[in-house]
>>> print(open('final.cif').read())   # mmCIF, N, CA and C atoms
data_query
loop_
_atom_site.group_PDB
_atom_site.id
_atom_site.type_symbol
_atom_site.label_atom_id
_atom_site.label_comp_id
_atom_site.auth_asym_id
_atom_site.auth_seq_id
_atom_site.Cartn_x
_atom_site.Cartn_y
_atom_site.Cartn_z
ATOM 1 N N MET A 1 -25.677 -117.346 147.916
ATOM 2 C CA MET A 1 -26.312 -116.476 148.871
ATOM 3 C C MET A 1 -25.292 -115.653 149.641
ATOM 4 N N ARG A 2 -24.135 -116.222 149.947
ATOM 5 C CA ARG A 2 -23.171 -115.455 150.744
ATOM 6 C C ARG A 2 -22.662 -114.241 149.990
ATOM 7 N N TYR A 3 -22.585 -114.313 148.664
ATOM 8 C CA TYR A 3 -22.144 -113.148 147.890
ATOM 9 C C TYR A 3 -23.182 -112.032 147.960
ATOM 10 N N GLU A 4 -24.454 -112.411 147.891
ATOM 11 C CA GLU A 4 -25.514 -111.412 147.982
ATOM 12 C C GLU A 4 -25.544 -110.757 149.354
ATOM 13 N N LEU A 5 -25.347 -111.553 150.397
ATOM 14 C CA LEU A 5 -25.318 -110.998 151.748
ATOM 15 C C LEU A 5 -24.118 -110.071 151.925
ATOM 16 N N GLY A 6 -22.978 -110.486 151.412
ATOM 17 C CA GLY A 6 -21.788 -109.637 151.497
ATOM 18 C C GLY A 6 -21.986 -108.321 150.770
ATOM 19 N N ARG A 7 -22.596 -108.376 149.598
ATOM 20 C CA ARG A 7 -22.860 -107.159 148.836
ATOM 21 C C ARG A 7 -23.843 -106.257 149.584
ATOM 22 N N ALA A 8 -24.861 -106.855 150.188
ATOM 23 C CA ALA A 8 -25.849 -106.070 150.930
ATOM 24 C C ALA A 8 -25.209 -105.365 152.128
ATOM 25 N N VAL A 9 -24.331 -106.058 152.821
ATOM 26 C CA VAL A 9 -23.633 -105.444 153.956
ATOM 27 C C VAL A 9 -22.748 -104.302 153.466
ATOM 28 N N ARG A 10 -22.010 -104.532 152.394
ATOM 29 C CA ARG A 10 -21.137 -103.478 151.857
ATOM 30 C C ARG A 10 -21.944 -102.255 151.430
ATOM 31 N N GLU A 11 -23.037 -102.486 150.725
ATOM 32 C CA GLU A 11 -23.855 -101.365 150.249
ATOM 33 C C GLU A 11 -24.435 -100.566 151.411
ATOM 34 N N ARG A 12 -24.912 -101.255 152.444
ATOM 35 C CA ARG A 12 -25.462 -100.553 153.605
ATOM 36 C C ARG A 12 -24.353 -99.795 154.347
ATOM 37 N N ARG A 13 -23.205 -100.441 154.518
ATOM 38 C CA ARG A 13 -22.070 -99.793 155.190
ATOM 39 C C ARG A 13 -21.690 -98.517 154.460
ATOM 40 N N GLU A 14 -21.580 -98.595 153.142
ATOM 41 C CA GLU A 14 -21.216 -97.428 152.347
ATOM 42 C C GLU A 14 -22.302 -96.356 152.407
ATOM 43 N N ALA A 15 -23.570 -96.760 152.405
ATOM 44 C CA ALA A 15 -24.671 -95.796 152.492
ATOM 45 C C ALA A 15 -24.636 -95.031 153.814
ATOM 46 N N LEU A 16 -24.151 -95.698 154.857
ATOM 47 C CA LEU A 16 -24.027 -95.055 156.162
ATOM 48 C C LEU A 16 -22.718 -94.277 156.301
ATOM 49 N N GLY A 17 -21.860 -94.352 155.278
ATOM 50 C CA GLY A 17 -20.576 -93.644 155.327
ATOM 51 C C GLY A 17 -19.573 -94.272 156.278
ATOM 52 N N MET A 18 -19.704 -95.575 156.498
ATOM 53 C CA MET A 18 -18.804 -96.284 157.411
ATOM 54 C C MET A 18 -17.674 -96.951 156.645
ATOM 55 N N THR A 19 -16.521 -97.022 157.279
ATOM 56 C CA THR A 19 -15.417 -97.814 156.742
ATOM 57 C C THR A 19 -15.571 -99.251 157.242
ATOM 58 N N GLN A 20 -14.814 -100.151 156.649
ATOM 59 C CA GLN A 20 -14.825 -101.529 157.145
ATOM 60 C C GLN A 20 -14.353 -101.576 158.589
ATOM 61 N N ALA A 21 -13.369 -100.759 158.934
ATOM 62 C CA ALA A 21 -12.861 -100.741 160.310
ATOM 63 C C ALA A 21 -13.932 -100.262 161.282
ATOM 64 N N GLN A 22 -14.695 -99.270 160.886
ATOM 65 C CA GLN A 22 -15.768 -98.774 161.755
ATOM 66 C C GLN A 22 -16.849 -99.821 161.942
ATOM 67 N N LEU A 23 -17.207 -100.509 160.864
ATOM 68 C CA LEU A 23 -18.204 -101.570 160.968
ATOM 69 C C LEU A 23 -17.680 -102.695 161.851
ATOM 70 N N ALA A 24 -16.431 -103.057 161.654
ATOM 71 C CA ALA A 24 -15.836 -104.115 162.469
ATOM 72 C C ALA A 24 -15.906 -103.762 163.945
ATOM 73 N N GLN A 25 -15.555 -102.552 164.291
ATOM 74 C CA GLN A 25 -15.590 -102.138 165.689
ATOM 75 C C GLN A 25 -17.019 -102.193 166.231
ATOM 76 N N ALA A 26 -17.980 -101.700 165.451
ATOM 77 C CA ALA A 26 -19.378 -101.687 165.889
ATOM 78 C C ALA A 26 -19.940 -103.098 166.049
ATOM 79 N N ALA A 27 -19.431 -104.040 165.255
ATOM 80 C CA ALA A 27 -19.929 -105.421 165.293
ATOM 81 C C ALA A 27 -19.087 -106.329 166.177
ATOM 82 N N GLY A 28 -18.023 -105.787 166.762
ATOM 83 C CA GLY A 28 -17.159 -106.603 167.610
ATOM 84 C C GLY A 28 -16.310 -107.576 166.826
ATOM 85 N N LEU A 29 -15.894 -107.161 165.645
ATOM 86 C CA LEU A 29 -15.082 -108.002 164.765
ATOM 87 C C LEU A 29 -13.788 -107.283 164.418
ATOM 88 N N ARG A 30 -12.962 -107.946 163.636
ATOM 89 C CA ARG A 30 -11.753 -107.310 163.087
ATOM 90 C C ARG A 30 -12.020 -106.951 161.632
ATOM 91 N N GLN A 31 -11.343 -105.930 161.149
ATOM 92 C CA GLN A 31 -11.560 -105.448 159.782
ATOM 93 C C GLN A 31 -11.380 -106.539 158.735
ATOM 94 N N PRO A 32 -10.363 -107.410 158.836
ATOM 95 C CA PRO A 32 -10.242 -108.460 157.810
ATOM 96 C C PRO A 32 -11.461 -109.388 157.750
ATOM 97 N N ALA A 33 -12.132 -109.602 158.877
ATOM 98 C CA ALA A 33 -13.332 -110.441 158.876
ATOM 99 C C ALA A 33 -14.457 -109.764 158.097
ATOM 100 N N VAL A 34 -14.573 -108.443 158.223
ATOM 101 C CA VAL A 34 -15.576 -107.693 157.466
ATOM 102 C C VAL A 34 -15.243 -107.773 155.976
ATOM 103 N N ALA A 35 -13.985 -107.590 155.629
ATOM 104 C CA ALA A 35 -13.562 -107.645 154.225
ATOM 105 C C ALA A 35 -13.875 -109.010 153.619
ATOM 106 N N ARG A 36 -13.564 -110.086 154.341
ATOM 107 C CA ARG A 36 -13.852 -111.443 153.846
ATOM 108 C C ARG A 36 -15.350 -111.638 153.645
ATOM 109 N N PHE A 37 -16.146 -111.175 154.630
ATOM 110 C CA PHE A 37 -17.591 -111.333 154.518
ATOM 111 C C PHE A 37 -18.129 -110.580 153.316
ATOM 112 N N GLU A 38 -17.710 -109.337 153.142
ATOM 113 C CA GLU A 38 -18.200 -108.531 152.025
ATOM 114 C C GLU A 38 -17.804 -109.126 150.674
ATOM 115 N N ALA A 39 -16.699 -109.831 150.630
ATOM 116 C CA ALA A 39 -16.239 -110.453 149.391
ATOM 117 C C ALA A 39 -16.904 -111.805 149.138
ATOM 118 N N GLY A 40 -17.737 -112.255 150.081
ATOM 119 C CA GLY A 40 -18.412 -113.541 149.918
ATOM 120 C C GLY A 40 -17.559 -114.708 150.340
ATOM 121 N N GLY A 41 -16.488 -114.447 151.069
ATOM 122 C CA GLY A 41 -15.567 -115.510 151.465
ATOM 123 C C GLY A 41 -15.905 -116.189 152.770
ATOM 124 N N THR A 42 -17.010 -115.810 153.391
ATOM 125 C CA THR A 42 -17.401 -116.382 154.677
ATOM 126 C C THR A 42 -18.844 -116.859 154.596
ATOM 127 N N MET A 43 -19.087 -118.091 155.033
ATOM 128 C CA MET A 43 -20.463 -118.576 155.128
ATOM 129 C C MET A 43 -21.021 -118.048 156.445
ATOM 130 N N PRO A 44 -22.027 -117.188 156.375
ATOM 131 C CA PRO A 44 -22.488 -116.519 157.590
ATOM 132 C C PRO A 44 -23.302 -117.431 158.506
ATOM 133 N N THR A 45 -23.180 -117.155 159.796
ATOM 134 C CA THR A 45 -24.028 -117.793 160.797
ATOM 135 C C THR A 45 -25.079 -116.771 161.222
ATOM 136 N N LEU A 46 -26.138 -117.226 161.834
ATOM 137 C CA LEU A 46 -27.156 -116.292 162.315
ATOM 138 C C LEU A 46 -26.578 -115.299 163.330
ATOM 139 N N PRO A 47 -25.747 -115.740 164.285
ATOM 140 C CA PRO A 47 -25.171 -114.756 165.212
ATOM 141 C C PRO A 47 -24.342 -113.683 164.494
ATOM 142 N N LEU A 48 -23.612 -114.057 163.466
ATOM 143 C CA LEU A 48 -22.825 -113.072 162.721
ATOM 144 C C LEU A 48 -23.747 -112.100 161.992
ATOM 145 N N LEU A 49 -24.793 -112.616 161.362
ATOM 146 C CA LEU A 49 -25.744 -111.743 160.678
ATOM 147 C C LEU A 49 -26.422 -110.791 161.664
ATOM 148 N N GLU A 50 -26.713 -111.268 162.865
ATOM 149 C CA GLU A 50 -27.311 -110.410 163.892
ATOM 150 C C GLU A 50 -26.354 -109.290 164.292
ATOM 151 N N ARG A 51 -25.070 -109.602 164.385
ATOM 152 C CA ARG A 51 -24.079 -108.576 164.734
ATOM 153 C C ARG A 51 -23.999 -107.507 163.642
ATOM 154 N N PHE A 52 -23.979 -107.944 162.396
ATOM 155 C CA PHE A 52 -23.958 -106.980 161.293
ATOM 156 C C PHE A 52 -25.240 -106.145 161.277
ATOM 157 N N ALA A 53 -26.369 -106.791 161.437
ATOM 158 C CA ALA A 53 -27.644 -106.071 161.415
ATOM 159 C C ALA A 53 -27.672 -104.992 162.497
ATOM 160 N N SER A 54 -27.278 -105.337 163.680
ATOM 161 C CA SER A 54 -27.277 -104.374 164.778
ATOM 162 C C SER A 54 -26.328 -103.218 164.490
ATOM 163 N N ALA A 55 -25.125 -103.535 164.031
ATOM 164 C CA ALA A 55 -24.123 -102.501 163.745
ATOM 165 C C ALA A 55 -24.555 -101.590 162.606
ATOM 166 N N LEU A 56 -25.349 -102.130 161.671
ATOM 167 C CA LEU A 56 -25.798 -101.363 160.509
ATOM 168 C C LEU A 56 -27.195 -100.773 160.705
ATOM 169 N N ARG A 57 -27.712 -100.874 161.925
ATOM 170 C CA ARG A 57 -29.044 -100.341 162.261
ATOM 171 C C ARG A 57 -30.122 -100.931 161.354
ATOM 172 N N LEU A 58 -30.094 -102.255 161.268
ATOM 173 C CA LEU A 58 -31.064 -102.997 160.467
ATOM 174 C C LEU A 58 -31.745 -104.049 161.331
ATOM 175 N N ARG A 59 -32.883 -104.520 160.877
ATOM 176 C CA ARG A 59 -33.563 -105.643 161.509
ATOM 177 C C ARG A 59 -33.313 -106.859 160.629
ATOM 178 N N LEU A 60 -32.812 -107.920 161.219
ATOM 179 C CA LEU A 60 -32.556 -109.152 160.485
ATOM 180 C C LEU A 60 -33.868 -109.890 160.269
ATOM 181 N N ASN A 61 -34.107 -110.310 159.024
ATOM 182 C CA ASN A 61 -35.312 -111.041 158.663
ATOM 183 C C ASN A 61 -34.883 -112.300 157.930
ATOM 184 N N VAL A 62 -35.155 -113.457 158.528
ATOM 185 C CA VAL A 62 -34.816 -114.745 157.917
ATOM 186 C C VAL A 62 -36.128 -115.434 157.572
ATOM 187 N N ALA A 63 -36.243 -115.913 156.346
ATOM 188 C CA ALA A 63 -37.502 -116.531 155.916
ATOM 189 C C ALA A 63 -37.219 -117.666 154.939
ATOM 190 N N PHE A 64 -38.152 -118.569 154.864
ATOM 191 C CA PHE A 64 -38.137 -119.619 153.855
ATOM 192 C C PHE A 64 -39.094 -119.191 152.748
ATOM 193 N N GLU A 65 -38.712 -119.451 151.500
ATOM 194 C CA GLU A 65 -39.556 -119.152 150.356
ATOM 195 C C GLU A 65 -39.677 -120.392 149.482
ATOM 196 N N PRO A 66 -40.813 -120.557 148.821
ATOM 197 C CA PRO A 66 -40.937 -121.673 147.871
ATOM 198 C C PRO A 66 -39.874 -121.565 146.785
ATOM 199 N N LEU A 67 -39.399 -122.682 146.301
ATOM 200 C CA LEU A 67 -38.344 -122.669 145.287
ATOM 201 C C LEU A 67 -38.761 -121.937 144.031
ATOM 202 N N ASP A 68 -40.021 -121.981 143.670
ATOM 203 C CA ASP A 68 -40.445 -121.304 142.448
ATOM 204 C C ASP A 68 -40.444 -119.787 142.593
ATOM 205 N N ARG A 69 -40.250 -119.268 143.826
ATOM 206 C CA ARG A 69 -40.182 -117.825 144.046
ATOM 207 C C ARG A 69 -38.775 -117.365 144.383
ATOM 208 N N ALA A 70 -37.907 -118.294 144.732
ATOM 209 C CA ALA A 70 -36.543 -117.914 145.095
ATOM 210 C C ALA A 70 -35.789 -117.462 143.853
ATOM 211 N N GLY A 71 -34.891 -116.536 144.054
ATOM 212 C CA GLY A 71 -34.185 -116.069 142.879
ATOM 213 C C GLY A 71 -32.920 -115.488 143.245
#
>>> encode(input="final.cif", output="structure tokens")
Amino acid sequence: MRYELGRAVRERREALGMTQAQLAQAAGLRQPAVARFEAGGTMPTLPLLERFASALRLRLNVAFEPLDRAG
């Protein structure tokens, strides 16, 4: 899951024309932390996901799904 989240953050950041440094500043992080997250090297916490969502102008949605629908 962390790889998918990292990819989603990278894709949204790029769609907005932001650099990792710009995203880091908007989220109150350092650029290496953004790079690690985008590469799937960080297990995200809800507060971190909220910071990314806010910086990327997104609404965070956390949900449980039945295993037969998860993919």
>>> atom_distance(input="final.cif", atom1="atom N of A:Leu60", atom2="atom N of A:Gly6")
14.1 Å
>>> resolve_selection(input="final.cif", expression="the PyMOL selection byres (((chain A and resi 7 and name CA) around 12) and name CA)", output="list in words")
Met1, Arg2, Tyr3, Glu4, Leu5, Gly6, Ala8, Val9, Arg10, Glu11, Arg12, Arg13, Glu14, Val34, Ala35, Arg36, Phe37, Glu38, Ala39, Gly40 and Gly41 of chain A
>>> atom_distance(input="final.cif", atom1="atom CA of A:Leu23", atom2="atom CA of A:Met43")
18.1 Å
>>> atom_distance(input="final.cif", atom1="atom C of A:Thr19", atom2="atom CA of A:Ala33")
11.5 Å
>>> select_by_dssp(input="final.cif", residues="chain A", states="helix (DSSP H, G or I)", output="ChimeraX atom specification")
/A:2-15,20-27,31-38,46-55
>>> closest_residue(input="final.cif", among="A:Ala27, A:Asp68, A:Ala21, A:Pro44", to="A:Leu56", atoms="only N, CA and C atoms")
A:Ala27
>>> axis_aligned_box(input="final.cif", around="stretch 54-57 of chain A", padding_each_side="6 Å", output="JSON")
{"center_x": -27.1, "center_y": -102.8, "center_z": 162.6, "size_x": 18.0, "size_y": 17.0, "size_z": 16.3}
>>> residues_around(input="final.cif", residues="A:Gln22", least_positions_apart="5", cutoff="8 Å", atoms="only N, CA and C atoms", output="PyMOL selection string")
chain A and resi 27-28+31+55
>>> write_last_selection(input="final.cif", atoms="N, CA and C atoms", output="mmCIF file, keeping the file's coordinate frame")
data_model
loop_
_atom_site.group_PDB
_atom_site.id
_atom_site.type_symbol
_atom_site.label_atom_id
_atom_site.label_comp_id
_atom_site.auth_asym_id
_atom_site.auth_seq_id
_atom_site.Cartn_x
_atom_site.Cartn_y
_atom_site.Cartn_z
ATOM 1 N N ALA A 27 -19.431 -104.040 165.255
ATOM 2 C CA ALA A 27 -19.929 -105.421 165.293
ATOM 3 C C ALA A 27 -19.087 -106.329 166.177
ATOM 4 N N GLY A 28 -18.023 -105.787 166.762
ATOM 5 C CA GLY A 28 -17.159 -106.603 167.610
ATOM 6 C C GLY A 28 -16.310 -107.576 166.826
ATOM 7 N N GLN A 31 -11.343 -105.930 161.149
ATOM 8 C CA GLN A 31 -11.560 -105.448 159.782
ATOM 9 C C GLN A 31 -11.380 -106.539 158.735
ATOM 10 N N ALA A 55 -25.125 -103.535 164.031
ATOM 11 C CA ALA A 55 -24.123 -102.501 163.745
ATOM 12 C C ALA A 55 -24.555 -101.590 162.606
#
>>> decode(input="final.cif", residues="stretch 44-57 of chain A", atoms="all heavy atoms", output="mmCIF file, in the first residue's frame")
data_model
loop_
_atom_site.group_PDB
_atom_site.id
_atom_site.type_symbol
_atom_site.label_atom_id
_atom_site.label_comp_id
_atom_site.auth_asym_id
_atom_site.auth_seq_id
_atom_site.Cartn_x
_atom_site.Cartn_y
_atom_site.Cartn_z
ATOM 1 N N PRO A 44 3.230 5.412 5.954
ATOM 2 C CA PRO A 44 2.568 6.671 6.289
ATOM 3 C C PRO A 44 1.686 6.574 7.532
ATOM 4 O O PRO A 44 1.111 5.539 7.823
ATOM 5 C CB PRO A 44 1.708 6.958 5.062
ATOM 6 C CG PRO A 44 1.424 5.605 4.494
ATOM 7 C CD PRO A 44 2.659 4.789 4.768
ATOM 8 N N THR A 45 1.612 7.695 8.234
ATOM 9 C CA THR A 45 0.669 7.844 9.338
ATOM 10 C C THR A 45 -0.486 8.707 8.837
ATOM 11 O O THR A 45 -0.351 9.397 7.819
ATOM 12 C CB THR A 45 1.337 8.540 10.530
ATOM 13 O OG1 THR A 45 1.738 9.858 10.121
ATOM 14 C CG2 THR A 45 2.549 7.752 11.039
ATOM 15 N N LEU A 46 -1.593 8.678 9.528
ATOM 16 C CA LEU A 46 -2.719 9.523 9.132
ATOM 17 C C LEU A 46 -2.344 11.010 9.154
ATOM 18 O O LEU A 46 -2.687 11.730 8.222
ATOM 19 C CB LEU A 46 -3.942 9.253 9.992
ATOM 20 C CG LEU A 46 -4.700 7.978 9.643
ATOM 21 C CD1 LEU A 46 -5.839 7.736 10.615
ATOM 22 C CD2 LEU A 46 -5.229 8.032 8.223
ATOM 23 N N PRO A 47 -1.631 11.496 10.180
ATOM 24 C CA PRO A 47 -1.246 12.914 10.147
ATOM 25 C C PRO A 47 -0.386 13.264 8.926
ATOM 26 O O PRO A 47 -0.553 14.334 8.331
ATOM 27 C CB PRO A 47 -0.481 13.119 11.452
ATOM 28 C CG PRO A 47 -1.046 12.086 12.373
ATOM 29 C CD PRO A 47 -1.318 10.891 11.475
ATOM 30 N N LEU A 48 0.500 12.379 8.524
ATOM 31 C CA LEU A 48 1.326 12.643 7.345
ATOM 32 C C LEU A 48 0.462 12.673 6.089
ATOM 33 O O LEU A 48 0.615 13.567 5.236
ATOM 34 C CB LEU A 48 2.419 11.582 7.203
ATOM 35 C CG LEU A 48 3.340 11.736 5.985
ATOM 36 C CD1 LEU A 48 4.116 13.056 6.053
ATOM 37 C CD2 LEU A 48 4.282 10.557 5.884
ATOM 38 N N LEU A 49 -0.456 11.724 5.964
ATOM 39 C CA LEU A 49 -1.349 11.713 4.808
ATOM 40 C C LEU A 49 -2.210 12.976 4.768
ATOM 41 O O LEU A 49 -2.459 13.529 3.696
ATOM 42 C CB LEU A 49 -2.225 10.468 4.822
ATOM 43 C CG LEU A 49 -1.487 9.146 4.604
ATOM 44 C CD1 LEU A 49 -2.455 7.978 4.764
ATOM 45 C CD2 LEU A 49 -0.803 9.115 3.257
ATOM 46 N N GLU A 50 -2.639 13.454 5.926
ATOM 47 C CA GLU A 50 -3.420 14.692 5.986
ATOM 48 C C GLU A 50 -2.593 15.885 5.513
ATOM 49 O O GLU A 50 -3.104 16.762 4.815
ATOM 50 C CB GLU A 50 -3.936 14.928 7.404
ATOM 51 C CG GLU A 50 -5.029 13.959 7.805
ATOM 52 C CD GLU A 50 -5.397 14.036 9.280
ATOM 53 O OE1 GLU A 50 -4.577 14.517 10.092
ATOM 54 O OE2 GLU A 50 -6.507 13.601 9.613
ATOM 55 N N ARG A 51 -1.319 15.913 5.874
ATOM 56 C CA ARG A 51 -0.446 17.008 5.435
ATOM 57 C C ARG A 51 -0.273 16.988 3.915
ATOM 58 O O ARG A 51 -0.350 18.028 3.262
ATOM 59 C CB ARG A 51 0.916 16.909 6.126
ATOM 60 C CG ARG A 51 0.839 17.227 7.609
ATOM 61 C CD ARG A 51 2.081 16.828 8.333
ATOM 62 N NE ARG A 51 3.085 17.881 8.249
ATOM 63 C CZ ARG A 51 4.167 17.914 8.991
ATOM 64 N NH1 ARG A 51 4.406 16.958 9.866
ATOM 65 N NH2 ARG A 51 5.029 18.890 8.862
ATOM 66 N N PHE A 52 -0.056 15.805 3.367
ATOM 67 C CA PHE A 52 0.065 15.695 1.911
ATOM 68 C C PHE A 52 -1.247 16.084 1.227
ATOM 69 O O PHE A 52 -1.236 16.816 0.243
ATOM 70 C CB PHE A 52 0.470 14.281 1.490
ATOM 71 C CG PHE A 52 1.937 14.006 1.600
ATOM 72 C CD1 PHE A 52 2.399 12.903 2.291
ATOM 73 C CD2 PHE A 52 2.871 14.830 0.982
ATOM 74 C CE1 PHE A 52 3.760 12.631 2.375
ATOM 75 C CE2 PHE A 52 4.231 14.567 1.072
ATOM 76 C CZ PHE A 52 4.676 13.469 1.772
ATOM 77 N N ALA A 53 -2.349 15.594 1.738
ATOM 78 C CA ALA A 53 -3.647 15.900 1.132
ATOM 79 C C ALA A 53 -3.886 17.408 1.104
ATOM 80 O O ALA A 53 -4.284 17.963 0.069
ATOM 81 C CB ALA A 53 -4.765 15.193 1.884
ATOM 82 N N SER A 54 -3.642 18.061 2.194
ATOM 83 C CA SER A 54 -3.848 19.506 2.263
ATOM 84 C C SER A 54 -2.935 20.235 1.286
ATOM 85 O O SER A 54 -3.372 21.116 0.546
ATOM 86 C CB SER A 54 -3.599 19.997 3.694
ATOM 87 O OG SER A 54 -3.726 21.395 3.762
ATOM 88 N N ALA A 55 -1.663 19.857 1.264
ATOM 89 C CA ALA A 55 -0.691 20.510 0.380
ATOM 90 C C ALA A 55 -1.010 20.276 -1.088
ATOM 91 O O ALA A 55 -0.703 21.116 -1.942
ATOM 92 C CB ALA A 55 0.721 20.018 0.698
ATOM 93 N N LEU A 56 -1.635 19.130 -1.393
ATOM 94 C CA LEU A 56 -1.959 18.776 -2.775
ATOM 95 C C LEU A 56 -3.401 19.129 -3.143
ATOM 96 O O LEU A 56 -3.887 18.737 -4.199
ATOM 97 C CB LEU A 56 -1.709 17.279 -2.998
ATOM 98 C CG LEU A 56 -0.246 16.853 -2.906
ATOM 99 C CD1 LEU A 56 -0.139 15.336 -2.836
ATOM 100 C CD2 LEU A 56 0.556 17.416 -4.060
ATOM 101 N N ARG A 57 -4.077 19.851 -2.255
ATOM 102 C CA ARG A 57 -5.470 20.273 -2.482
ATOM 103 C C ARG A 57 -6.376 19.073 -2.747
ATOM 104 O O ARG A 57 -7.123 19.026 -3.724
ATOM 105 C CB ARG A 57 -5.542 21.304 -3.613
ATOM 106 C CG ARG A 57 -4.761 22.562 -3.296
ATOM 107 C CD ARG A 57 -4.992 23.652 -4.311
ATOM 108 N NE ARG A 57 -4.558 23.310 -5.648
ATOM 109 C CZ ARG A 57 -3.475 23.794 -6.236
ATOM 110 N NH1 ARG A 57 -2.697 24.639 -5.610
ATOM 111 N NH2 ARG A 57 -3.179 23.444 -7.472
#
